[in-house]
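First up is the structure itself, then whatever we jot down about it.
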Amino acid sequence: KETETGLVSGNGRIEAVEIDVAAKSAGRLKDIRVREGEFVTAGQVVAQMDTDVLDAQRRQAEAQLQQAISAVATANSQIAQRHGDRAAAQAVVAQREVDLRTARTHLARSMALADKGFLSSQAVDDERARVESAEAAVAAARAQVAAMASAVASARSQVAGAQSSAAAAQASIERIQADLDDTVLKSPRDGRVQYIV
């Protein structure tokens, strides 16, 4: 028979639902806040687990997060620096191309003067050597620009790696916090503490 209190009675016995309250993971109890036979209400804290190890793990994960955030900032500054290096290398290319045009112009004039007999073949050979040297300088400057482009890409990958490390550290903090939240044992409903193990 169901009574007003929600208990079933009949032959003089009271039937009740037994609910075990246990920690999600193993550990030491820090504090038990109830006694056997005591009445508890839903949501009431009945025990607290020791959290020293979890607190240390959280501090370590927070430090790792700060390191990762710093690494992201460093990698971003390296991207900016590499962009600056690339711009400087492109300016050197432009300068070397001007030098090459000037050397070619001098060679053309020297060849014209040599054809008329006003300039020696040695002078023409010197101008030809200057053109070849200027061509090599342009090629070297262009290679430097390509190297700087590669350095920018490398710095971008460092940013991605640092961001991944930051996300992993943040996930660790959240996992540890969830474990910490589970160290507070609460009564799931109103009832009486039958026994404490």
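Naming works like this for the structure tokens: A, B, ... for the chains as they're shown, residue 1 at the start of each chain, ligands 1 onward in shown order.
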
* Asked: Hey, what's within 9 Å of Asp31 of chain A if we count only C-alpha atoms and toss same-chain stuff fewer than 3 positions away? As a ChimeraX atom specification, please?
  -> /A:46-50

Selection file, all heavy atoms, as a compact mmCIF listing (two decimals), in the first residue's frame:
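That gives us again.txt:
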```txt
# COMPACT_ATOMS: atom_id res chain seq x y z
N VAL A 46 28.37 14.95 1.13
CA VAL A 46 28.51 13.93 2.15
C VAL A 46 29.97 13.59 2.42
O VAL A 46 30.31 13.11 3.50
CB VAL A 46 27.71 12.65 1.80
CG1 VAL A 46 26.22 12.95 1.77
CG2 VAL A 46 28.16 12.06 0.48
N ALA A 47 30.84 13.84 1.43
CA ALA A 47 32.27 13.56 1.63
C ALA A 47 33.08 14.37 0.62
O ALA A 47 32.58 14.80 -0.42
CB ALA A 47 32.56 12.07 1.46
N GLN A 48 34.35 14.53 0.96
CA GLN A 48 35.28 15.27 0.09
C GLN A 48 36.54 14.43 -0.06
O GLN A 48 37.11 13.98 0.94
CB GLN A 48 35.62 16.63 0.72
CG GLN A 48 36.74 17.38 0.05
CD GLN A 48 36.34 17.98 -1.28
OE1 GLN A 48 35.28 18.58 -1.39
NE2 GLN A 48 37.16 17.78 -2.30
N MET A 49 36.96 14.20 -1.30
CA MET A 49 38.18 13.44 -1.56
C MET A 49 39.39 14.36 -1.42
O MET A 49 39.29 15.58 -1.60
CB MET A 49 38.16 12.85 -2.98
CG MET A 49 36.99 11.94 -3.28
SD MET A 49 37.01 10.41 -2.36
CE MET A 49 38.42 9.61 -3.10
N ASP A 50 40.55 13.79 -1.15
CA ASP A 50 41.81 14.54 -1.11
C ASP A 50 42.17 14.93 -2.55
O ASP A 50 42.17 14.09 -3.45
CB ASP A 50 42.90 13.67 -0.50
CG ASP A 50 44.21 14.42 -0.38
OD1 ASP A 50 44.19 15.64 -0.14
OD2 ASP A 50 45.27 13.77 -0.54
```

* Who sits within 12 Å of Arg33 of chain A, only C-alpha atoms, same chain under 4 positions skipped, as a PyMOL selection string -> chain A and resi 29+38-40+44-49+184-187+193+196

Output the selection as a tab-separated table (two decimals), in the first residue's frame - all heavy atoms for each residue.
```tsv
chain	number	residue	atom	x	y	z
A	29	LEU	N	40.04	9.74	1.11
A	29	LEU	CA	39.01	10.64	1.63
A	29	LEU	C	39.67	11.70	2.49
A	29	LEU	O	40.52	11.40	3.32
A	29	LEU	CB	37.99	9.87	2.48
A	29	LEU	CG	36.86	9.20	1.74
A	29	LEU	CD1	36.02	8.38	2.70
A	29	LEU	CD2	36.00	10.22	1.03
A	38	GLU	N	22.21	9.44	9.80
A	38	GLU	CA	21.88	10.86	9.60
A	38	GLU	C	21.03	11.04	8.35
A	38	GLU	O	21.23	10.36	7.34
A	38	GLU	CB	23.18	11.65	9.48
A	38	GLU	CG	23.01	13.15	9.45
A	38	GLU	CD	24.36	13.88	9.42
A	38	GLU	OE1	25.33	13.41	10.05
A	38	GLU	OE2	24.43	14.92	8.75
A	39	PHE	N	20.10	11.97	8.38
A	39	PHE	CA	19.26	12.26	7.23
A	39	PHE	C	19.97	13.31	6.36
A	39	PHE	O	20.52	14.27	6.88
A	39	PHE	CB	17.89	12.81	7.69
A	39	PHE	CG	16.93	12.96	6.56
A	39	PHE	CD1	16.24	11.85	6.06
A	39	PHE	CD2	16.71	14.20	5.97
A	39	PHE	CE1	15.36	11.98	5.01
A	39	PHE	CE2	15.82	14.33	4.91
A	39	PHE	CZ	15.14	13.22	4.43
A	40	VAL	N	19.99	13.06	5.04
A	40	VAL	CA	20.62	14.00	4.10
A	40	VAL	C	19.61	14.44	3.06
A	40	VAL	O	18.63	13.74	2.79
A	40	VAL	CB	21.85	13.37	3.41
A	40	VAL	CG1	22.96	13.10	4.40
A	40	VAL	CG2	21.49	12.10	2.66
A	44	GLN	N	23.33	17.60	-0.96
A	44	GLN	CA	24.16	17.84	0.23
A	44	GLN	C	25.49	17.12	0.07
A	44	GLN	O	25.55	15.97	-0.33
A	44	GLN	CB	23.43	17.35	1.48
A	44	GLN	CG	24.23	17.54	2.76
A	44	GLN	CD	23.48	17.03	3.98
A	44	GLN	OE1	22.27	16.79	3.95
A	44	GLN	NE2	24.21	16.85	5.07
A	45	VAL	N	26.58	17.82	0.42
A	45	VAL	CA	27.91	17.22	0.35
A	45	VAL	C	28.03	16.23	1.50
A	45	VAL	O	27.83	16.57	2.66
A	45	VAL	CB	29.03	18.29	0.44
A	45	VAL	CG1	30.40	17.63	0.50
A	45	VAL	CG2	28.94	19.25	-0.72
A	46	VAL	N	28.37	14.95	1.13
A	46	VAL	CA	28.51	13.93	2.15
A	46	VAL	C	29.97	13.59	2.42
A	46	VAL	O	30.31	13.11	3.50
A	46	VAL	CB	27.71	12.65	1.80
A	46	VAL	CG1	26.22	12.95	1.77
A	46	VAL	CG2	28.16	12.06	0.48
A	47	ALA	N	30.84	13.84	1.43
A	47	ALA	CA	32.27	13.56	1.63
A	47	ALA	C	33.08	14.37	0.62
A	47	ALA	O	32.58	14.80	-0.42
A	47	ALA	CB	32.56	12.07	1.46
A	48	GLN	N	34.35	14.53	0.96
A	48	GLN	CA	35.28	15.27	0.09
A	48	GLN	C	36.54	14.43	-0.06
A	48	GLN	O	37.11	13.98	0.94
A	48	GLN	CB	35.62	16.63	0.72
A	48	GLN	CG	36.74	17.38	0.05
A	48	GLN	CD	36.34	17.98	-1.28
A	48	GLN	OE1	35.28	18.58	-1.39
A	48	GLN	NE2	37.16	17.78	-2.30
A	49	MET	N	36.96	14.20	-1.30
A	49	MET	CA	38.18	13.44	-1.56
A	49	MET	C	39.39	14.36	-1.42
A	49	MET	O	39.29	15.58	-1.60
A	49	MET	CB	38.16	12.85	-2.98
A	49	MET	CG	36.99	11.94	-3.28
A	49	MET	SD	37.01	10.41	-2.36
A	49	MET	CE	38.42	9.61	-3.10
A	184	VAL	N	33.97	15.89	-4.95
A	184	VAL	CA	32.97	16.29	-3.96
A	184	VAL	C	31.79	15.33	-4.12
A	184	VAL	O	31.12	15.32	-5.14
A	184	VAL	CB	32.51	17.75	-4.18
A	184	VAL	CG1	31.42	18.13	-3.20
A	184	VAL	CG2	33.68	18.70	-4.07
A	185	LEU	N	31.59	14.49	-3.12
A	185	LEU	CA	30.51	13.51	-3.17
A	185	LEU	C	29.25	14.12	-2.58
A	185	LEU	O	29.24	14.58	-1.43
A	185	LEU	CB	30.91	12.25	-2.40
A	185	LEU	CG	32.22	11.59	-2.84
A	185	LEU	CD1	32.54	10.41	-1.96
A	185	LEU	CD2	32.14	11.18	-4.28
A	186	LYS	N	28.18	14.09	-3.38
A	186	LYS	CA	26.92	14.70	-2.95
A	186	LYS	C	25.82	13.65	-2.95
A	186	LYS	O	25.85	12.70	-3.75
A	186	LYS	CB	26.53	15.84	-3.90
A	186	LYS	CG	27.51	16.98	-3.89
A	186	LYS	CD	27.08	18.07	-4.86
A	186	LYS	CE	28.08	19.20	-4.86
A	186	LYS	NZ	27.72	20.24	-5.83
A	187	SER	N	24.86	13.85	-2.11
A	187	SER	CA	23.72	12.96	-2.06
A	187	SER	C	22.85	13.20	-3.29
A	187	SER	O	22.49	14.35	-3.57
A	187	SER	CB	22.91	13.22	-0.79
A	187	SER	OG	21.73	12.46	-0.81
A	193	VAL	N	21.47	8.02	5.73
A	193	VAL	CA	22.74	7.33	5.53
A	193	VAL	C	22.63	6.00	6.24
A	193	VAL	O	22.47	5.94	7.46
A	193	VAL	CB	23.92	8.17	6.08
A	193	VAL	CG1	25.22	7.37	5.93
A	193	VAL	CG2	23.99	9.49	5.39
A	196	ILE	N	28.51	3.68	6.22
A	196	ILE	CA	29.68	4.31	5.58
A	196	ILE	C	30.76	3.25	5.51
A	196	ILE	O	31.12	2.64	6.52
A	196	ILE	CB	30.15	5.53	6.38
A	196	ILE	CG1	29.08	6.61	6.43
A	196	ILE	CG2	31.45	6.07	5.78
A	196	ILE	CD1	29.39	7.77	7.33
```

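Checking A:Ser150, A:Thr74, A:Gln90, A:Thr183 one by one against Arg28 of chain A, counting only C-alpha atoms, you find the shortest gap at A:Thr183.
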
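Using only C-alpha atoms, the shortest contact distance between Val131 of chain A and any of A:Ala112, A:Ala178, A:Ala103, A:Ile79 is found at A:Ala103.
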
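Each of A:Ala42, A:Ala146, A:Val98, A:Gly37 was checked against Val21 of chain A using only C-alpha atoms; the smallest atom-to-atom distance is that of A:Ala42.
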
* **Long-range neighbours of Ala89 of chain A as an MDAnalysis selection string, 6 Å cut-off, only C-alpha atoms, 3 positions minimum in chain** => chainID A and resid 86 92 145

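When the distance limit is 7 Å and only C-alpha atoms are what count, the residues near Val152 of chain A, minus those fewer than 4 positions from it on the same chain, are A:Ile79, A:Arg82, A:His83, A:Met148, A:Arg156.
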
Interface rows for segment 14-90 of chain A against segment 162-174 of chain A: nearest pair, Å to one decimal, 10 Å, only C-alpha atoms, as a tab-separated table:
```
residue	atom	partner	partner_atom	distance
A:Gln57	CA	A:Ile173	CA	8.3
A:Arg58	CA	A:Ile173	CA	5.7
A:Arg59	CA	A:Ile173	CA	8.5
A:Gln60	CA	A:Ile173	CA	8.9
A:Ala61	CA	A:Ala169	CA	5.7
A:Glu62	CA	A:Ile173	CA	6.7
A:Ala63	CA	A:Ala169	CA	8.7
A:Gln64	CA	A:Ala169	CA	6.1
A:Leu65	CA	A:Ala169	CA	5.0
A:Gln66	CA	A:Ala166	CA	7.8
A:Gln67	CA	A:Ala166	CA	8.0
A:Ala68	CA	A:Ala166	CA	4.8
A:Ile69	CA	A:Ala166	CA	6.1
A:Ser70	CA	A:Ala162	CA	8.5
A:Ala71	CA	A:Ala162	CA	5.7
A:Val72	CA	A:Ala162	CA	5.1
A:Ala73	CA	A:Ala162	CA	8.9
A:Thr74	CA	A:Ala162	CA	9.3
A:Ala75	CA	A:Ala162	CA	7.8
A:Asn76	CA	A:Ala162	CA	9.9
```

* To do: Please return as JSON, numbers by chain: the residues of segment 46-88 of chain A that backbone DSSP assigns to strand (DSSP E or B).
  => {"A": [46, 47, 48, 49]}

* Asked: Quick one: DSSP alpha helix (DSSP H) residues in segment 4-187 of chain A, as a ChimeraX atom specification?
  -> /A:52-115,121-181

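Computed from the coordinates, the atom CA of Ala149 of chain A to atom CA of Asp99 of chain A distance equals 23.6 Å.
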
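A straight line drawn from atom CA of Ala155 of chain A to atom CA of Val93 of chain A is 22.6 Å long.
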
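The space between atom CA of Ile176 of chain A and atom CA of Leu54 of chain A spans 6.5 Å.
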
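Counting only C-alpha atoms and comparing A:Asp190, A:Asp179, A:Glu135, A:Glu127, the residue that lies closest to Gly27 of chain A is A:Asp179.
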